[in-house]
Each structure stands twice: as C-alpha cells, then as structure tokens.
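Shown below: data.cif, with mmCIF, C-alpha atoms.
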```
data_run
loop_
_atom_site.label_atom_id
_atom_site.label_comp_id
_atom_site.auth_asym_id
_atom_site.auth_seq_id
_atom_site.Cartn_x
_atom_site.Cartn_y
_atom_site.Cartn_z
CA MET A 1 20.16 6.62 7.85
CA SER A 2 19.02 5.30 11.22
CA VAL A 3 15.88 6.28 13.13
CA THR A 4 14.61 5.41 16.58
CA LEU A 5 11.11 3.96 16.77
CA LYS A 6 9.69 4.23 20.28
CA ASP A 7 6.36 2.84 21.49
CA GLU A 8 4.99 6.29 22.31
CA LYS A 9 5.26 7.26 18.64
CA LEU A 10 3.12 4.34 17.42
CA LEU A 11 -0.44 5.21 16.32
CA ASP A 12 -1.53 2.31 14.15
CA SER A 13 -0.16 -0.97 12.81
CA TRP A 14 -0.96 -3.99 10.72
CA GLY A 15 0.86 -7.26 10.26
CA ILE A 16 0.67 -10.83 9.09
CA VAL A 17 2.87 -13.92 9.12
CA ILE A 18 2.99 -15.60 5.72
CA GLU A 19 3.64 -19.31 6.09
CA GLY A 20 6.66 -20.82 4.37
CA ALA A 21 7.73 -17.54 2.74
CA ALA A 22 11.08 -17.01 4.50
CA GLY A 23 13.76 -15.57 2.24
CA LYS A 24 11.27 -13.82 -0.04
CA HIS A 25 10.96 -10.42 1.65
CA ASP A 26 12.78 -8.62 -1.18
CA HIS A 27 10.23 -9.92 -3.68
CA LEU A 28 7.34 -8.66 -1.55
CA LEU A 29 8.92 -5.23 -0.99
CA LYS A 30 9.54 -4.87 -4.75
CA GLY A 31 5.83 -5.47 -5.27
CA ILE A 32 4.97 -2.77 -2.74
CA LEU A 33 7.35 -0.32 -4.42
CA ALA A 34 5.72 -1.06 -7.79
CA GLU A 35 2.27 -0.40 -6.31
CA LEU A 36 3.47 2.86 -4.69
CA LYS A 37 4.79 4.07 -8.05
CA ALA A 38 1.65 3.00 -9.92
CA GLY A 39 -0.62 4.62 -7.31
CA GLU A 40 0.77 8.12 -7.92
CA LEU A 41 -0.27 9.14 -4.40
CA PRO A 42 0.04 12.96 -4.13
CA GLY A 43 3.01 14.11 -2.07
CA VAL A 44 3.91 10.58 -1.00
CA ALA A 45 7.60 9.61 -1.01
CA TRP A 46 9.55 6.62 0.26
CA GLY A 47 13.02 5.37 0.99
CA SER A 48 14.90 2.67 2.85
CA ILE A 49 15.98 3.26 6.45
CA GLU A 50 17.45 1.36 9.36
CA ALA A 51 15.46 1.55 12.61
CA ASN A 52 16.17 0.70 16.22
CA PRO A 53 13.88 0.61 19.29
CA GLY A 54 16.09 2.98 21.31
CA MET A 55 19.50 4.57 21.13
CA LEU A 56 21.11 2.18 23.62
CA LYS A 57 19.57 -0.93 22.07
CA GLY A 58 20.55 0.35 18.62
CA PHE A 59 24.11 0.85 19.83
CA PHE A 60 24.18 -2.82 20.83
CA GLY A 61 22.96 -3.94 17.40
CA LYS A 62 19.19 -4.23 17.72
CA LYS A 63 18.22 -2.88 14.28
CA ARG A 64 15.89 -3.70 11.39
CA ASP A 65 15.47 -2.39 7.86
CA PHE A 66 12.24 -0.67 6.82
CA LEU A 67 10.71 1.15 3.91
CA ARG A 68 9.70 4.59 5.26
CA ILE A 69 6.71 6.16 3.51
CA THR A 70 5.98 9.84 4.09
CA CYS A 71 3.37 12.37 2.96
CA GLU A 72 4.50 15.94 2.30
CA ALA A 73 1.25 17.43 3.67
CA LEU A 74 1.53 15.43 6.91
CA LYS A 75 5.22 15.68 7.80
CA ASP A 76 4.78 14.41 11.38
CA TYR A 77 3.14 11.15 10.26
CA ARG A 78 5.29 8.34 8.86
CA MET A 79 4.64 4.76 7.85
CA TYR A 80 7.28 2.07 8.23
CA VAL A 81 6.87 -1.11 6.19
CA GLY A 82 9.05 -4.08 6.99
CA SER A 83 9.45 -7.79 6.66
CA ARG A 84 11.77 -10.34 8.17
CA ASP A 85 12.25 -14.04 8.24
CA TYR A 86 10.69 -15.70 11.24
CA GLY A 87 11.80 -19.30 11.08
CA ARG A 88 10.42 -20.70 7.82
CA HIS A 89 7.87 -17.90 7.65
CA LEU A 90 7.79 -14.23 6.65
CA ASP A 91 6.72 -11.72 9.29
CA PHE A 92 5.38 -8.66 7.45
CA SER A 93 3.98 -5.46 8.98
CA TRP A 94 3.59 -1.71 8.79
CA PHE A 95 3.55 0.89 11.54
CA LEU A 96 2.12 4.42 11.50
CA THR A 97 3.98 6.83 13.77
CA VAL A 98 3.72 10.47 14.75
CA GLU A 99 7.12 12.11 15.03
CA PRO A 100 7.00 15.88 15.57
CA GLY A 101 10.14 17.90 14.98
CA PHE A 102 12.21 19.25 17.86
CA PHE A 103 10.46 22.65 18.18
CA LYS A 104 6.93 21.30 17.73
CA GLY A 105 7.67 18.57 20.27
CA ALA A 106 9.13 21.05 22.77
CA LEU A 107 6.16 23.42 22.39
CA SER A 108 3.75 20.51 22.82
CA ARG A 109 5.49 19.51 26.07
CA VAL A 110 5.26 23.10 27.34
CA LEU A 111 1.57 23.39 26.45
CA THR A 112 0.71 20.04 28.05
CA GLU A 113 2.99 20.55 31.07
CA GLY A 114 5.25 17.71 29.93
CA ALA A 115 2.49 15.20 29.24
CA SER A 116 2.89 14.96 25.46
CA SER A 117 5.36 15.85 22.74
CA SER A 118 2.72 15.17 20.05
CA ALA A 119 -0.18 17.39 21.15
CA ILE A 120 0.27 19.92 18.36
CA SER A 121 0.67 17.14 15.79
CA PHE A 122 -2.73 15.76 16.81
CA ASN A 123 -4.39 19.12 16.23
CA LEU A 124 -5.66 18.21 12.77
CA ASP A 125 -8.45 20.11 11.06
CA LEU A 126 -11.13 18.21 9.12
CA PHE A 127 -9.18 18.32 5.85
CA ASP A 128 -5.95 17.14 7.51
CA GLN A 129 -7.88 14.25 9.07
CA GLN A 130 -9.27 13.37 5.65
CA ASP A 131 -5.77 13.57 4.14
CA LEU A 132 -4.29 11.37 6.88
CA ARG A 133 -6.98 8.74 6.42
CA ALA A 134 -6.55 8.83 2.62
CA TYR A 135 -2.75 8.54 2.89
CA VAL A 136 -2.76 5.60 5.30
CA THR A 137 -5.70 3.82 3.67
CA ALA A 138 -4.26 4.22 0.16
CA VAL A 139 -0.89 2.85 1.24
CA HIS A 140 -2.56 -0.03 3.10
CA HIS A 141 -5.24 -0.99 0.56
CA CYS A 142 -3.90 0.14 -2.79
CA CYS A 143 -0.24 -0.71 -2.23
CA VAL A 144 0.44 -3.09 0.66
CA LYS A 145 -2.72 -5.21 0.46
CA ARG A 146 -2.50 -5.51 -3.33
CA ALA A 147 1.17 -6.48 -3.22
CA VAL A 148 0.61 -8.99 -0.38
CA GLU A 149 -2.33 -10.57 -2.22
CA ARG A 150 -0.28 -10.90 -5.41
CA PHE A 151 2.72 -12.27 -3.50
CA VAL A 152 0.68 -14.84 -1.58
CA GLU A 153 -1.01 -15.97 -4.81
CA GLU A 154 2.41 -16.34 -6.51
CA ILE A 155 3.63 -18.66 -3.75
CA GLY A 156 0.47 -20.78 -4.07
CA GLN A 157 -1.38 -19.67 -0.96
CA SER A 158 -4.61 -17.82 -0.17
CA THR A 159 -5.31 -14.64 1.78
CA ALA A 160 -8.80 -15.85 2.71
CA GLY A 161 -7.99 -15.99 6.42
CA PHE A 162 -6.08 -12.71 6.60
CA ASP A 163 -7.37 -9.97 8.89
CA TRP A 164 -6.78 -6.75 6.94
CA LYS A 165 -7.92 -4.39 9.71
CA SER A 166 -5.21 -2.34 11.35
CA LYS A 167 -4.89 -1.98 15.11
CA GLY A 168 -4.82 1.50 16.57
CA PHE A 169 -5.72 5.13 15.94
CA LEU A 170 -7.30 4.82 12.46
CA GLN A 171 -8.34 1.15 12.38
CA VAL A 172 -7.99 0.97 8.60
CA TRP A 173 -10.06 -1.78 7.00
#
```

Written as structure tokens, that's how I'd like the structure from this file.
Amino acid sequence: MSVTLKDEKLLDSWGIVIEGAAGKHDHLLKGILAELKAGELPGVAWGSIEANPGMLKGFFGKKRDFLRITCEALKDYRMYVGSRDYGRHLDFSWFLTVEPGFFKGALSRVLTEGASSSAISFNLDLFDQQDLRAYVTAVHHCCVKRAVERFVEEIGQSTAGFDWKSKGFLQVW
C-alpha cells in the first residue's frame, strides 16, 4: 500500500540521527513493534506502508517505507515512524499527520471557503484532545523513546544529548 504524505498534513514530528548505526534500522523497528505490543494501547494498530511526498514524485520513484500507527478513536490522525541510512548513520523519525477522508475534507473546504480540508478534523472536544495527547505521547514515550534508548545502549552509545521534545502541534516531551 502506498500513501502520499504532503506538508499540509503534518502536525508534529520528532527525529534523531544515531551515529554509526547505518544498516540497523530493522533492529530498531523490531524494538518499537515489541514496545507497541507490550504497551497494549487501546484501539492502536500498526502496519507497514510505502509513502511518497506527492503523486508525481512517487511515480518517479521517490518513496520510503514507514510503520503507520493509527488509533481507532482518532481515525484522521496517523503517525508514521521511519528510519533510513544516512551515510554511516541512522536517520530516525516519526511524523503525526491529520488526514481526513474525502467527504470530511470536502465539507471542511466548503465550510472554510476552500481554506482548509482539515477544519472538521481539528474540531476536537476535551476528551478527544485528551485521547490524542495520550495516543501520541504513549507512542512517543512508551514505545519509540524506550526502543531508541535500548537500541542506542545496545550499540554502546548514550542518549544523554538527545532532545526528546517533538516539534509542532502537540510538542510532546
């Protein structure tokens, strides 16, 4: 399955480059999968996908593999976790996106006179906001951060200098 990830969908992100860890992305992703299973996060599911930054660029081969993590209660919000070799290093990151379905996106554009396809998706009540924060924070802290810490320790390095704060809408710590 292939999805298109556009800049306007991006709400939050976090990433790190792990020195000298090229070729070990499968090991890190296995650790994240183990943490996701162990965490038993309610309504959270995941699967592998191929993503591109746009249909035309995807057609010409610009694609990357990601682990897509979704939450049943927040269908419009999706996290994409990925890693890739960057020279001798491992570039690892996650992205939180909002991706309303066709009808919700069309209605949002009508209501905002074409300004936004996500307006309805952002209309979260207090409980939905709490659920979104719990979903993203749990994936970041309880799954990704734990797996990255374990991975970095296994390769003989330290996470002491890592900035764990995400950049964007939620600014997860």

Selected residue, from A:Ile69, A:Lys63, A:Glu113, A:Leu29, that lies nearest to Trp46 in chain A when counting only C-alpha atoms: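 So, comparing all the options, the nearest one is A:Ile69.
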
So which one's closest to Asp91 in chain A, A:Ala51, A:Leu36, A:Ala21, A:Leu10? Using all atoms listed in the file, please.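 Closest to Asp91 in chain A of all the choices is A:Ala21.
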
I need the residue nearest Ser93 in chain A from this list: A:Ile49, A:Cys142, A:Ile16, A:Ala134. Use only C-alpha atoms for the distance.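 Of A:Ile49, A:Cys142, A:Ile16, A:Ala134, the one nearest Ser93 in chain A is A:Ile16, counting only C-alpha atoms.
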
Gap from CA of Lys165 in chain A to CA of Gly101 in chain A - Å, one decimal: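 These two atoms are separated by 29.2 Å.
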
Proximity to Phe162 in chain A - best of A:Glu149, A:Tyr80, A:Glu72, A:Asp65, all atoms listed in the file: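 Result for the nearest residue to Phe162 in chain A: A:Glu149.
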
Could you write out as JSON, numbers by chain the residues that the PyMOL selection byres ((chain A and resi 167) around 12) matches in the shown file? {"A": [10, 11, 12, 13, 14, 15, 93, 94, 95, 96, 163, 164, 165, 166, 168, 169, 170, 171, 172, 173]}

One-decimal distance in Å that lies between CA of Val17 in chain A and CA of His89 in chain A: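 Interatomic distance, CA of His89 in chain A to CA of Val17 in chain A: 6.6 Å.
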
Looking at all atoms listed in the file, which of A:Ile18, A:Ala73, A:Phe127, A:Phe151 is the one that sits closest to Gly43 in chain A?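 The answer is A:Ala73, which sits nearest to Gly43 in chain A.
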
Selection as a list of chain:residue names: residues within 7 Å of (2.4, -7.3, -4.9), counting all atoms listed in the file: A:Leu28, A:Gly31, A:Ile32, A:Arg146, A:Ala147, A:Val148, A:Glu149, A:Arg150, A:Phe151

For a test of reading the model, state the distance in Å between CA of Leu41 in chain A and CA of Lys6 in chain A, rounded to one decimal.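 Distance between the two atoms: 27.1 Å.
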
I need the output of the PyMOL selection byres ((chain A and resi 39) around 9) for this file as a PyMOL selection string; which residues are they? chain A and resi 34-38+40-42+138-139+142-143

A:Pro53, A:Tyr135, A:Arg88, A:His25 ranked by distance to Lys75 in chain A, top pick (using only C-alpha atoms): A:Tyr135

For the provided coordinates, the residues matched by the PyMOL selection byres ((chain A and resi 47) around 6) should be stated as a ChimeraX atom specification. /A:46,48,67-68

Taking the structure in the block just given, could you write range 59-80 of chain A with N, CA, C and O atoms, as a PDB file, in the first residue's frame?
```pdb
ATOM      1  N   PHE A  59       5.594   8.635  -8.542  1.00  0.00           N
ATOM      2  CA  PHE A  59       5.643   7.981  -9.848  1.00  0.00           C
ATOM      3  C   PHE A  59       7.081   7.846 -10.346  1.00  0.00           C
ATOM      4  O   PHE A  59       7.451   6.874 -10.976  1.00  0.00           O
ATOM      5  N   PHE A  60       7.903   8.861 -10.022  1.00  0.00           N
ATOM      6  CA  PHE A  60       9.297   8.842 -10.452  1.00  0.00           C
ATOM      7  C   PHE A  60      10.226   8.201  -9.422  1.00  0.00           C
ATOM      8  O   PHE A  60      11.441   8.348  -9.498  1.00  0.00           O
ATOM      9  N   GLY A  61       9.649   7.490  -8.453  1.00  0.00           N
ATOM     10  CA  GLY A  61      10.451   6.660  -7.556  1.00  0.00           C
ATOM     11  C   GLY A  61      10.829   7.240  -6.214  1.00  0.00           C
ATOM     12  O   GLY A  61      11.570   6.610  -5.465  1.00  0.00           O
ATOM     13  N   LYS A  62      10.356   8.420  -5.864  1.00  0.00           N
ATOM     14  CA  LYS A  62      10.702   8.990  -4.568  1.00  0.00           C
ATOM     15  C   LYS A  62       9.757   8.397  -3.521  1.00  0.00           C
ATOM     16  O   LYS A  62       8.627   8.873  -3.343  1.00  0.00           O
ATOM     17  N   LYS A  63      10.216   7.340  -2.834  1.00  0.00           N
ATOM     18  CA  LYS A  63       9.387   6.609  -1.883  1.00  0.00           C
ATOM     19  C   LYS A  63      10.228   6.181  -0.691  1.00  0.00           C
ATOM     20  O   LYS A  63      11.440   6.009  -0.812  1.00  0.00           O
ATOM     21  N   ARG A  64       9.565   5.998   0.449  1.00  0.00           N
ATOM     22  CA  ARG A  64      10.224   5.478   1.649  1.00  0.00           C
ATOM     23  C   ARG A  64       9.236   4.585   2.394  1.00  0.00           C
ATOM     24  O   ARG A  64       8.024   4.774   2.319  1.00  0.00           O
ATOM     25  N   ASP A  65       9.789   3.630   3.134  1.00  0.00           N
ATOM     26  CA  ASP A  65       8.965   2.725   3.932  1.00  0.00           C
ATOM     27  C   ASP A  65       8.775   3.292   5.332  1.00  0.00           C
ATOM     28  O   ASP A  65       9.710   3.862   5.913  1.00  0.00           O
ATOM     29  N   PHE A  66       7.556   3.126   5.860  1.00  0.00           N
ATOM     30  CA  PHE A  66       7.222   3.592   7.199  1.00  0.00           C
ATOM     31  C   PHE A  66       6.379   2.558   7.923  1.00  0.00           C
ATOM     32  O   PHE A  66       5.728   1.718   7.298  1.00  0.00           O
ATOM     33  N   LEU A  67       6.370   2.668   9.230  1.00  0.00           N
ATOM     34  CA  LEU A  67       5.435   1.954  10.066  1.00  0.00           C
ATOM     35  C   LEU A  67       4.319   2.951  10.364  1.00  0.00           C
ATOM     36  O   LEU A  67       4.580   4.016  10.933  1.00  0.00           O
ATOM     37  N   ARG A  68       3.086   2.665   9.917  1.00  0.00           N
ATOM     38  CA  ARG A  68       1.959   3.578  10.177  1.00  0.00           C
ATOM     39  C   ARG A  68       1.240   3.098  11.432  1.00  0.00           C
ATOM     40  O   ARG A  68       0.862   1.940  11.531  1.00  0.00           O
ATOM     41  N   ILE A  69       1.055   4.025  12.372  1.00  0.00           N
ATOM     42  CA  ILE A  69       0.394   3.713  13.633  1.00  0.00           C
ATOM     43  C   ILE A  69      -0.884   4.542  13.699  1.00  0.00           C
ATOM     44  O   ILE A  69      -0.846   5.760  13.548  1.00  0.00           O
ATOM     45  N   THR A  70      -2.014   3.858  13.901  1.00  0.00           N
ATOM     46  CA  THR A  70      -3.310   4.538  13.932  1.00  0.00           C
ATOM     47  C   THR A  70      -4.028   4.263  15.247  1.00  0.00           C
ATOM     48  O   THR A  70      -3.706   3.312  15.957  1.00  0.00           O
ATOM     49  N   CYS A  71      -5.011   5.118  15.535  1.00  0.00           N
ATOM     50  CA  CYS A  71      -5.845   4.964  16.728  1.00  0.00           C
ATOM     51  C   CYS A  71      -7.301   4.959  16.275  1.00  0.00           C
ATOM     52  O   CYS A  71      -7.748   5.910  15.624  1.00  0.00           O
ATOM     53  N   GLU A  72      -8.013   3.914  16.600  1.00  0.00           N
ATOM     54  CA  GLU A  72      -9.396   3.737  16.147  1.00  0.00           C
ATOM     55  C   GLU A  72     -10.279   4.933  16.500  1.00  0.00           C
ATOM     56  O   GLU A  72     -11.109   5.353  15.700  1.00  0.00           O
ATOM     57  N   ALA A  73     -10.093   5.513  17.668  1.00  0.00           N
ATOM     58  CA  ALA A  73     -10.939   6.630  18.113  1.00  0.00           C
ATOM     59  C   ALA A  73     -10.604   7.938  17.401  1.00  0.00           C
ATOM     60  O   ALA A  73     -11.390   8.881  17.447  1.00  0.00           O
ATOM     61  N   LEU A  74      -9.445   8.005  16.760  1.00  0.00           N
ATOM     62  CA  LEU A  74      -8.984   9.234  16.113  1.00  0.00           C
ATOM     63  C   LEU A  74      -8.551   8.905  14.686  1.00  0.00           C
ATOM     64  O   LEU A  74      -7.389   9.033  14.320  1.00  0.00           O
ATOM     65  N   LYS A  75      -9.492   8.479  13.875  1.00  0.00           N
ATOM     66  CA  LYS A  75      -9.204   7.950  12.535  1.00  0.00           C
ATOM     67  C   LYS A  75      -8.454   8.927  11.631  1.00  0.00           C
ATOM     68  O   LYS A  75      -7.718   8.504  10.753  1.00  0.00           O
ATOM     69  N   ASP A  76      -8.636  10.226  11.820  1.00  0.00           N
ATOM     70  CA  ASP A  76      -7.991  11.212  10.950  1.00  0.00           C
ATOM     71  C   ASP A  76      -6.521  11.442  11.294  1.00  0.00           C
ATOM     72  O   ASP A  76      -5.788  12.037  10.522  1.00  0.00           O
ATOM     73  N   TYR A  77      -6.095  10.982  12.464  1.00  0.00           N
ATOM     74  CA  TYR A  77      -4.737  11.227  12.938  1.00  0.00           C
ATOM     75  C   TYR A  77      -3.907   9.958  12.796  1.00  0.00           C
ATOM     76  O   TYR A  77      -4.309   8.896  13.272  1.00  0.00           O
ATOM     77  N   ARG A  78      -2.740  10.088  12.155  1.00  0.00           N
ATOM     78  CA  ARG A  78      -1.882   8.933  11.906  1.00  0.00           C
ATOM     79  C   ARG A  78      -0.435   9.294  12.199  1.00  0.00           C
ATOM     80  O   ARG A  78      -0.001  10.411  11.914  1.00  0.00           O
ATOM     81  N   MET A  79       0.271   8.332  12.755  1.00  0.00           N
ATOM     82  CA  MET A  79       1.704   8.508  12.996  1.00  0.00           C
ATOM     83  C   MET A  79       2.469   7.622  12.025  1.00  0.00           C
ATOM     84  O   MET A  79       2.072   6.481  11.781  1.00  0.00           O
ATOM     85  N   TYR A  80       3.538   8.170  11.488  1.00  0.00           N
ATOM     86  CA  TYR A  80       4.414   7.432  10.585  1.00  0.00           C
ATOM     87  C   TYR A  80       5.802   7.398  11.210  1.00  0.00           C
ATOM     88  O   TYR A  80       6.378   8.442  11.493  1.00  0.00           O
TER      89      TYR A  80
END
```
